[in-house]
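Data from input-v3.cif: mmCIF, C-alpha atoms, pLDDT in the B column; chains and numbers go by the auth columns
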```
data_query
#
loop_
_atom_site.group_PDB
_atom_site.id
_atom_site.type_symbol
_atom_site.label_atom_id
_atom_site.label_comp_id
_atom_site.label_asym_id
_atom_site.label_seq_id
_atom_site.Cartn_x
_atom_site.Cartn_y
_atom_site.Cartn_z
_atom_site.B_iso_or_equiv
_atom_site.auth_seq_id
_atom_site.auth_asym_id
ATOM 1 C CA MET A 1 0.000 0.000 0.000 66.00 1 A
ATOM 2 C CA GLY A 2 3.028 2.260 -0.035 79.00 2 A
ATOM 3 C CA VAL A 3 5.114 4.006 2.582 89.00 3 A
ATOM 4 C CA VAL A 4 3.291 5.464 5.580 93.00 4 A
ATOM 5 C CA GLU A 5 4.866 8.489 7.244 95.00 5 A
ATOM 6 C CA PHE A 6 3.829 10.251 10.445 97.00 6 A
ATOM 7 C CA TYR A 7 3.811 14.019 10.962 97.00 7 A
ATOM 8 C CA GLY A 8 2.877 16.378 13.720 96.00 8 A
ATOM 9 C CA PRO A 9 1.812 18.379 15.338 97.00 9 A
ATOM 10 C CA VAL A 10 0.901 19.805 11.953 97.00 10 A
ATOM 11 C CA GLU A 11 -0.243 23.325 11.273 97.00 11 A
ATOM 12 C CA LYS A 12 -3.138 24.373 9.067 97.00 12 A
ATOM 13 C CA GLU A 13 -0.729 25.304 6.242 97.00 13 A
ATOM 14 C CA PHE A 14 0.646 21.757 6.158 97.00 14 A
ATOM 15 C CA LEU A 15 -2.885 20.324 6.024 98.00 15 A
ATOM 16 C CA GLU A 16 -3.749 22.634 3.114 97.00 16 A
ATOM 17 C CA ASN A 17 -1.446 20.485 0.949 96.00 17 A
ATOM 18 C CA CYS A 18 -3.047 17.196 1.998 97.00 18 A
ATOM 19 C CA THR A 19 -6.072 15.222 0.889 96.00 19 A
ATOM 20 C CA MET A 20 -8.166 12.861 2.992 96.00 20 A
ATOM 21 C CA ASN A 21 -8.517 9.203 2.118 95.00 21 A
ATOM 22 C CA GLU A 22 -12.131 8.345 1.309 95.00 22 A
ATOM 23 C CA GLY A 23 -12.124 5.687 4.036 92.00 23 A
ATOM 24 C CA LEU A 24 -11.922 8.386 6.741 93.00 24 A
ATOM 25 C CA ARG A 25 -15.619 8.976 7.287 88.00 25 A
ATOM 26 C CA ASN A 26 -16.396 7.777 10.785 82.00 26 A
ATOM 27 C CA PHE A 27 -17.171 11.253 12.181 84.00 27 A
ATOM 28 C CA ARG A 28 -18.075 13.136 8.988 90.00 28 A
ATOM 29 C CA LYS A 29 -17.339 13.154 5.249 94.00 29 A
ATOM 30 C CA PRO A 30 -13.595 13.189 4.471 95.00 30 A
ATOM 31 C CA THR A 31 -13.574 16.762 3.125 95.00 31 A
ATOM 32 C CA LYS A 32 -15.432 17.991 6.222 96.00 32 A
ATOM 33 C CA GLN A 33 -13.073 16.027 8.476 95.00 33 A
ATOM 34 C CA LEU A 34 -10.081 17.696 6.823 97.00 34 A
ATOM 35 C CA GLU A 35 -11.673 21.087 7.536 97.00 35 A
ATOM 36 C CA ALA A 36 -12.189 20.017 11.164 96.00 36 A
ATOM 37 C CA LEU A 37 -8.518 19.015 11.460 97.00 37 A
ATOM 38 C CA LYS A 38 -7.453 22.366 9.999 98.00 38 A
ATOM 39 C CA TYR A 39 -9.592 24.152 12.568 97.00 39 A
ATOM 40 C CA ILE A 40 -8.261 22.054 15.471 97.00 40 A
ATOM 41 C CA SER A 41 -4.696 22.817 14.363 97.00 41 A
ATOM 42 C CA THR A 42 -5.371 26.555 14.868 97.00 42 A
ATOM 43 C CA LEU A 43 -6.617 26.200 18.461 96.00 43 A
ATOM 44 C CA SER A 44 -4.253 27.104 21.295 93.00 44 A
ATOM 45 C CA ASP A 45 -4.702 23.618 22.800 92.00 45 A
ATOM 46 C CA GLY A 46 -5.297 21.838 19.506 97.00 46 A
ATOM 47 C CA LEU A 47 -2.793 19.251 18.309 98.00 47 A
ATOM 48 C CA VAL A 48 -3.119 17.204 15.113 98.00 48 A
ATOM 49 C CA PHE A 49 -0.892 14.285 14.164 98.00 49 A
ATOM 50 C CA ILE A 50 -1.338 12.485 10.850 98.00 50 A
ATOM 51 C CA ALA A 51 -0.359 9.306 9.034 97.00 51 A
ATOM 52 C CA CYS A 52 0.169 9.854 5.306 97.00 52 A
ATOM 53 C CA ASN A 53 0.730 7.840 2.171 94.00 53 A
ATOM 54 C CA SER A 54 2.308 10.511 -0.086 91.00 54 A
ATOM 55 C CA ASN A 55 0.171 13.604 0.641 93.00 55 A
ATOM 56 C CA GLU A 56 -2.978 11.609 1.407 97.00 56 A
ATOM 57 C CA ILE A 57 -3.998 11.413 5.045 97.00 57 A
ATOM 58 C CA ILE A 58 -4.863 7.815 5.921 96.00 58 A
ATOM 59 C CA GLY A 59 -5.092 8.262 9.670 96.00 59 A
ATOM 60 C CA TYR A 60 -4.988 10.950 12.321 97.00 60 A
ATOM 61 C CA VAL A 61 -5.127 11.672 16.014 96.00 61 A
ATOM 62 C CA ALA A 62 -6.369 14.995 17.367 97.00 62 A
ATOM 63 C CA PHE A 63 -6.138 16.526 20.832 98.00 63 A
ATOM 64 C CA THR A 64 -8.328 19.386 22.058 97.00 64 A
ATOM 65 C CA LYS A 65 -9.852 20.748 25.218 96.00 65 A
ATOM 66 C CA PRO A 66 -12.591 18.315 26.316 96.00 66 A
ATOM 67 C CA GLU A 67 -16.109 18.801 24.960 90.00 67 A
ATOM 68 C CA PHE A 68 -18.154 16.402 27.102 90.00 68 A
ATOM 69 C CA PRO A 69 -19.897 18.617 29.735 92.00 69 A
ATOM 70 C CA ARG A 70 -18.214 17.308 32.889 95.00 70 A
ATOM 71 C CA TRP A 71 -14.755 17.382 31.370 96.00 71 A
ATOM 72 C CA ALA A 72 -15.199 20.776 29.705 96.00 72 A
ATOM 73 C CA LYS A 73 -15.966 22.129 33.166 96.00 73 A
ATOM 74 C CA ALA A 74 -12.974 20.255 34.621 97.00 74 A
ATOM 75 C CA ALA A 75 -10.658 21.804 32.009 97.00 75 A
ATOM 76 C CA LYS A 76 -11.520 25.265 33.357 96.00 76 A
ATOM 77 C CA GLU A 77 -10.077 24.206 36.729 96.00 77 A
ATOM 78 C CA ILE A 78 -7.322 21.967 35.381 97.00 78 A
ATOM 79 C CA PRO A 79 -5.397 23.744 32.603 95.00 79 A
ATOM 80 C CA GLU A 80 -3.290 20.620 31.992 97.00 80 A
ATOM 81 C CA LEU A 81 -6.363 18.604 30.928 98.00 81 A
ATOM 82 C CA ILE A 82 -6.758 17.765 27.239 97.00 82 A
ATOM 83 C CA GLU A 83 -8.725 15.117 25.400 97.00 83 A
ATOM 84 C CA LEU A 84 -7.566 12.699 22.776 96.00 84 A
ATOM 85 C CA GLY A 85 -10.678 13.728 20.905 88.00 85 A
ATOM 86 C CA GLY A 86 -10.385 11.675 17.773 87.00 86 A
ATOM 87 C CA ILE A 87 -8.377 8.844 16.335 89.00 87 A
ATOM 88 C CA GLU A 88 -9.264 7.294 13.029 92.00 88 A
ATOM 89 C CA VAL A 89 -7.594 5.079 10.438 92.00 89 A
ATOM 90 C CA SER A 90 -9.034 4.642 6.960 93.00 90 A
ATOM 91 C CA LEU A 91 -10.983 1.424 6.501 87.00 91 A
ATOM 92 C CA ALA A 92 -8.612 0.561 3.635 88.00 92 A
ATOM 93 C CA TYR A 93 -5.629 0.621 6.021 90.00 93 A
ATOM 94 C CA ARG A 94 -7.097 -1.127 9.064 84.00 94 A
ATOM 95 C CA ASP A 95 -5.312 -4.107 10.595 82.00 95 A
ATOM 96 C CA GLU A 96 -1.918 -2.724 9.500 88.00 96 A
ATOM 97 C CA GLY A 97 -0.956 -1.364 12.937 88.00 97 A
ATOM 98 C CA ILE A 98 -1.359 2.257 11.870 92.00 98 A
ATOM 99 C CA GLY A 99 -3.529 3.244 14.851 90.00 99 A
ATOM 100 C CA LYS A 100 -0.959 2.042 17.380 91.00 100 A
ATOM 101 C CA GLY A 101 1.826 3.311 15.139 93.00 101 A
ATOM 102 C CA ILE A 102 0.606 6.890 14.984 94.00 102 A
ATOM 103 C CA LEU A 103 -0.041 6.959 18.729 95.00 103 A
ATOM 104 C CA LYS A 104 3.384 5.560 19.613 95.00 104 A
ATOM 105 C CA TRP A 105 5.063 7.940 17.160 96.00 105 A
ATOM 106 C CA THR A 106 3.103 10.866 18.625 96.00 106 A
ATOM 107 C CA PHE A 107 4.025 10.047 22.213 95.00 107 A
ATOM 108 C CA ASN A 108 7.674 9.422 21.281 95.00 108 A
ATOM 109 C CA ASN A 109 7.948 12.736 19.426 95.00 109 A
ATOM 110 C CA TYR A 110 5.863 15.121 21.531 96.00 110 A
ATOM 111 C CA ASP A 111 6.184 15.809 25.255 96.00 111 A
ATOM 112 C CA PHE A 112 2.898 15.171 27.097 97.00 112 A
ATOM 113 C CA GLU A 113 4.450 14.884 30.571 97.00 113 A
ATOM 114 C CA ASP A 114 2.850 18.138 31.741 97.00 114 A
ATOM 115 C CA ARG A 115 -0.611 17.013 30.604 98.00 115 A
ATOM 116 C CA ILE A 116 -3.500 14.937 31.840 98.00 116 A
ATOM 117 C CA ILE A 117 -4.890 13.254 28.757 98.00 117 A
ATOM 118 C CA ILE A 118 -8.325 11.707 28.706 98.00 118 A
ATOM 119 C CA SER A 119 -9.940 9.675 25.980 95.00 119 A
ATOM 120 C CA ILE A 120 -13.674 9.159 25.994 92.00 120 A
ATOM 121 C CA GLU A 121 -14.578 6.197 23.817 87.00 121 A
ATOM 122 C CA THR A 122 -18.297 5.699 23.244 84.00 122 A
ATOM 123 C CA VAL A 123 -19.883 2.740 21.511 81.00 123 A
ATOM 124 C CA CYS A 124 -21.911 5.062 19.250 75.00 124 A
ATOM 125 C CA ASN A 125 -18.680 6.363 17.633 67.00 125 A
ATOM 126 C CA TRP A 126 -17.052 3.014 16.949 66.00 126 A
ATOM 127 C CA ASN A 127 -16.631 1.966 13.349 60.00 127 A
ATOM 128 C CA SER A 128 -15.446 -1.598 13.006 53.00 128 A
ATOM 129 C CA LYS A 129 -14.190 -2.826 9.641 53.00 129 A
ATOM 130 C CA ASP A 130 -15.783 -6.180 10.364 55.00 130 A
ATOM 131 C CA PRO A 131 -19.523 -6.101 11.087 61.00 131 A
ATOM 132 C CA GLU A 132 -19.111 -9.431 12.889 65.00 132 A
ATOM 133 C CA THR A 133 -16.900 -7.811 15.553 71.00 133 A
ATOM 134 C CA SER A 134 -18.799 -7.546 18.822 77.00 134 A
ATOM 135 C CA VAL A 135 -18.875 -4.413 20.960 79.00 135 A
ATOM 136 C CA TRP A 136 -16.719 -6.219 23.515 82.00 136 A
ATOM 137 C CA GLU A 137 -14.099 -7.302 20.967 82.00 137 A
ATOM 138 C CA TYR A 138 -13.902 -3.746 19.632 78.00 138 A
ATOM 139 C CA ARG A 139 -13.722 -2.390 23.193 84.00 139 A
ATOM 140 C CA ASN A 140 -10.780 -4.712 23.924 86.00 140 A
ATOM 141 C CA MET A 141 -9.033 -3.499 20.767 82.00 141 A
ATOM 142 C CA VAL A 142 -9.573 0.143 21.819 83.00 142 A
ATOM 143 C CA ARG A 143 -8.176 -0.608 25.284 88.00 143 A
ATOM 144 C CA SER A 144 -5.130 -2.277 23.742 88.00 144 A
ATOM 145 C CA VAL A 145 -4.433 0.617 21.369 87.00 145 A
ATOM 146 C CA LEU A 146 -4.822 3.266 24.086 91.00 146 A
ATOM 147 C CA GLY A 147 -2.911 1.155 26.591 91.00 147 A
ATOM 148 C CA SER A 148 0.050 1.080 24.216 91.00 148 A
ATOM 149 C CA ILE A 149 0.689 4.753 25.064 94.00 149 A
ATOM 150 C CA GLY A 150 -0.217 4.606 28.746 94.00 150 A
ATOM 151 C CA LEU A 151 -3.899 5.539 28.735 95.00 151 A
ATOM 152 C CA GLU A 152 -5.617 3.297 31.253 96.00 152 A
ATOM 153 C CA PRO A 153 -9.367 2.842 31.845 95.00 153 A
ATOM 154 C CA ARG A 154 -10.596 4.804 34.844 96.00 154 A
ATOM 155 C CA SER A 155 -13.730 4.274 36.881 95.00 155 A
ATOM 156 C CA THR A 156 -16.089 7.244 36.784 96.00 156 A
ATOM 157 C CA ASP A 157 -19.658 8.119 37.656 95.00 157 A
ATOM 158 C CA ASP A 158 -19.932 10.382 34.586 94.00 158 A
ATOM 159 C CA PRO A 159 -23.436 9.598 33.261 91.00 159 A
ATOM 160 C CA GLU A 160 -22.308 9.909 29.637 89.00 160 A
ATOM 161 C CA ILE A 161 -19.731 7.163 30.161 92.00 161 A
ATOM 162 C CA ARG A 162 -22.073 5.057 32.268 93.00 162 A
ATOM 163 C CA SER A 163 -24.849 5.267 29.638 92.00 163 A
ATOM 164 C CA HIS A 164 -23.487 2.069 28.019 90.00 164 A
ATOM 165 C CA PRO A 165 -21.328 -0.626 29.639 90.00 165 A
ATOM 166 C CA GLY A 166 -19.029 -0.630 26.594 88.00 166 A
ATOM 167 C CA ASN A 167 -18.082 3.046 26.958 91.00 167 A
ATOM 168 C CA ILE A 168 -14.619 3.797 28.348 92.00 168 A
ATOM 169 C CA LEU A 169 -12.913 6.773 29.928 95.00 169 A
ATOM 170 C CA SER A 170 -9.145 6.317 29.811 96.00 170 A
ATOM 171 C CA ALA A 171 -6.522 8.637 31.237 97.00 171 A
ATOM 172 C CA ARG A 172 -2.787 9.233 31.273 98.00 172 A
ATOM 173 C CA ILE A 173 -1.294 11.588 33.847 98.00 173 A
ATOM 174 C CA GLY A 174 2.061 13.042 32.867 97.00 174 A
ATOM 175 C CA LYS A 175 5.042 12.891 35.228 97.00 175 A
ATOM 176 C CA ARG A 176 5.205 16.681 35.649 98.00 176 A
ATOM 177 C CA VAL A 177 1.511 17.242 36.463 98.00 177 A
ATOM 178 C CA SER A 178 1.169 18.853 39.901 97.00 178 A
ATOM 179 C CA ALA A 179 -0.312 16.914 42.811 97.00 179 A
ATOM 180 C CA GLN A 180 -3.005 19.601 43.072 97.00 180 A
ATOM 181 C CA SER A 181 -4.142 19.071 39.467 97.00 181 A
ATOM 182 C CA GLN A 182 -4.076 15.300 39.939 97.00 182 A
ATOM 183 C CA LYS A 183 -6.306 15.658 43.001 97.00 183 A
ATOM 184 C CA LYS A 184 -8.777 17.852 41.085 97.00 184 A
ATOM 185 C CA PHE A 185 -8.855 15.298 38.282 97.00 185 A
ATOM 186 C CA GLU A 186 -9.622 12.478 40.728 96.00 186 A
ATOM 187 C CA LYS A 187 -12.467 14.582 42.134 96.00 187 A
ATOM 188 C CA TYR A 188 -14.017 14.926 38.672 97.00 188 A
ATOM 189 C CA LEU A 189 -13.900 11.179 38.117 96.00 189 A
ATOM 190 C CA LYS A 190 -16.269 10.634 41.036 92.00 190 A
ATOM 191 C CA LEU A 191 -18.468 13.660 41.723 82.00 191 A
ATOM 192 C CA LYS A 192 -21.094 11.605 43.559 76.00 192 A
ATOM 193 C CA ARG A 193 -19.439 10.417 46.728 57.00 193 A
#
```

Could you write out this structure as structure tokens?
Amino acid sequence: MGVVEFYGPVEKEFLENCTMNEGLRNFRKPTKQLEALKYISTLSDGLVFIACNSNEIIGYVAFTKPEFPRWAKAAKEIPELIELGGIEVSLAYRDEGIGKGILKWTFNNYDFEDRIIISIETVCNWNSKDPETSVWEYRNMVRSVLGSIGLEPRSTDDPEIRSHPGNILSARIGKRVSAQSQKKFEKYLKLKR
């Protein structure tokens, strides 16, 4: 399928010279997703990393301030908090290790040690290549991919996560995150005590 190269964090100008593979349509149409990535790359806390075959994007990972209500509120108190808001690999390139590859490359080439990273994975956003794959098999795959870069499932009483038993909130706390911010984060995991 050609050589796959990883880049990032990329700026909007870099993305202007890229196209999106047609298999990247889990969240929106490929052209709209490219526009979303361009926008994220302009945000002060937006980070976009891409996997390319020539100048065609075949996978990406994007980090932003959290959007889910509880975590958006938490980010106002915890400036170190960001969300791994999207990771997608084109259907044509699945099962080639590109998801884990782009994450490992990202974490090896960018310093996240002063960040608390969360990833909110909801069943409604999963797009398996194989329709025979069960929710639980896909969930295990997601856990494995995120676990490869240190994001571990965390227990929470967040109703959006608890709305389906397959949903996962994973987190990675960087080595330089203050004890105070860590304590605030733990509070937001379990608001109902």

Hits of the PyMOL selection byres ((chain A and resi 103-107) around 9) in this structure, as a ChimeraX atom specification: /A:6-9,49,61,87,98-102,108-112,145-146,148-149

How many Å lie between CA of Ala72 in chain A and CA of Ile120 in chain A, rounded to one decimal? 12.3 Å

Evaluate the PyMOL selection byres ((chain A and resi 86) around 8) against this structure - the residues, as number ranges by chain, please. A: 60-63, 84-85, 87-88

Evaluate the PyMOL selection byres ((chain A and resi 187) around 12) here and jot the selected residues down as a short mmCIF file (atom, residue, chain, number, x, y, z; two decimals) with C-alpha atoms, in the coordinates of the input.
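Everything below was put into expr10.cif:
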```
data_model
loop_
_atom_site.label_atom_id
_atom_site.label_comp_id
_atom_site.auth_asym_id
_atom_site.auth_seq_id
_atom_site.Cartn_x
_atom_site.Cartn_y
_atom_site.Cartn_z
CA ARG A 70 -18.21 17.31 32.89
CA TRP A 71 -14.76 17.38 31.37
CA ALA A 74 -12.97 20.26 34.62
CA GLU A 77 -10.08 24.21 36.73
CA ILE A 78 -7.32 21.97 35.38
CA SER A 155 -13.73 4.27 36.88
CA THR A 156 -16.09 7.24 36.78
CA ASP A 157 -19.66 8.12 37.66
CA ASP A 158 -19.93 10.38 34.59
CA GLN A 180 -3.00 19.60 43.07
CA SER A 181 -4.14 19.07 39.47
CA GLN A 182 -4.08 15.30 39.94
CA LYS A 183 -6.31 15.66 43.00
CA LYS A 184 -8.78 17.85 41.08
CA PHE A 185 -8.86 15.30 38.28
CA GLU A 186 -9.62 12.48 40.73
CA TYR A 188 -14.02 14.93 38.67
CA LEU A 189 -13.90 11.18 38.12
CA LYS A 190 -16.27 10.63 41.04
CA LEU A 191 -18.47 13.66 41.72
CA LYS A 192 -21.09 11.60 43.56
CA ARG A 193 -19.44 10.42 46.73
#
```

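The space between CA of Gly59 in chain A and CA of Phe27 in chain A spans 12.7 Å.
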
Could you check how far CA of Arg176 in chain A sits from CA of Asp114 in chain A, in Å to one decimal? 4.8 Å

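Among A:Phe68, A:Val89, A:Arg172, A:Asn55, the residue with the shortest atom-to-atom distance to Glu160 in chain A, counting all atoms listed in the file, is A:Phe68.
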
Write out as a PyMOL selection string the residues lying within 10 Å of range 33-44 of chain A, counting only C-alpha atoms and excluding same-chain residues fewer than 3 positions away. chain A and resi 8-16+18-21+24-30+47-50+57+60-65+86

Could you take the residues named above and write them with C-alpha atoms, as a CSV table (one decimal), keeping the file's coordinate frame?
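The resulting file, part.csv, is reproduced below:
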```csv
chain,number,residue,atom,x,y,z
A,8,GLY,CA,2.9,16.4,13.7
A,9,PRO,CA,1.8,18.4,15.3
A,10,VAL,CA,0.9,19.8,12.0
A,11,GLU,CA,-0.2,23.3,11.3
A,12,LYS,CA,-3.1,24.4,9.1
A,13,GLU,CA,-0.7,25.3,6.2
A,14,PHE,CA,0.6,21.8,6.2
A,15,LEU,CA,-2.9,20.3,6.0
A,16,GLU,CA,-3.7,22.6,3.1
A,18,CYS,CA,-3.0,17.2,2.0
A,19,THR,CA,-6.1,15.2,0.9
A,20,MET,CA,-8.2,12.9,3.0
A,21,ASN,CA,-8.5,9.2,2.1
A,24,LEU,CA,-11.9,8.4,6.7
A,25,ARG,CA,-15.6,9.0,7.3
A,26,ASN,CA,-16.4,7.8,10.8
A,27,PHE,CA,-17.2,11.3,12.2
A,28,ARG,CA,-18.1,13.1,9.0
A,29,LYS,CA,-17.3,13.2,5.2
A,30,PRO,CA,-13.6,13.2,4.5
A,47,LEU,CA,-2.8,19.3,18.3
A,48,VAL,CA,-3.1,17.2,15.1
A,49,PHE,CA,-0.9,14.3,14.2
A,50,ILE,CA,-1.3,12.5,10.8
A,57,ILE,CA,-4.0,11.4,5.0
A,60,TYR,CA,-5.0,11.0,12.3
A,61,VAL,CA,-5.1,11.7,16.0
A,62,ALA,CA,-6.4,15.0,17.4
A,63,PHE,CA,-6.1,16.5,20.8
A,64,THR,CA,-8.3,19.4,22.1
A,65,LYS,CA,-9.9,20.7,25.2
A,86,GLY,CA,-10.4,11.7,17.8
```

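The list of residues with at least one atom within 12 Å of Pro153 in chain A, based on only C-alpha atoms and without residues fewer than 6 positions apart in the same chain, reads Ile117, Ile118, Ser119, Ile120, Glu121, Arg139, Asn140, Val142, Arg143, Ser144, Val145, Leu146, Gly147, Ile161, Gly166, Asn167, Ile168, Leu169, Ser170, Ala171, Arg172 and Leu189 of chain A.
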
Kindly compute an axis-aligned box around the listed atoms of range 67-77 of chain A, allowing 8 Å on each side, and express its centre and edge lengths in Å to one decimal as JSON.
```
{"center_x": -15.0, "center_y": 20.8, "center_z": 30.8, "size_x": 25.8, "size_y": 24.9, "size_z": 27.8}
```

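Each of A:Gly97, A:Lys73, A:Ile82, A:Glu67 was checked against Ile173 in chain A using only C-alpha atoms; the smallest atom-to-atom distance is that of A:Ile82.
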
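Candidate residues A:Val123, A:Val135, A:Ala179, A:Met141 were compared for distance to Arg162 in chain A, and the nearest is A:Val123, using all atoms listed in the file.
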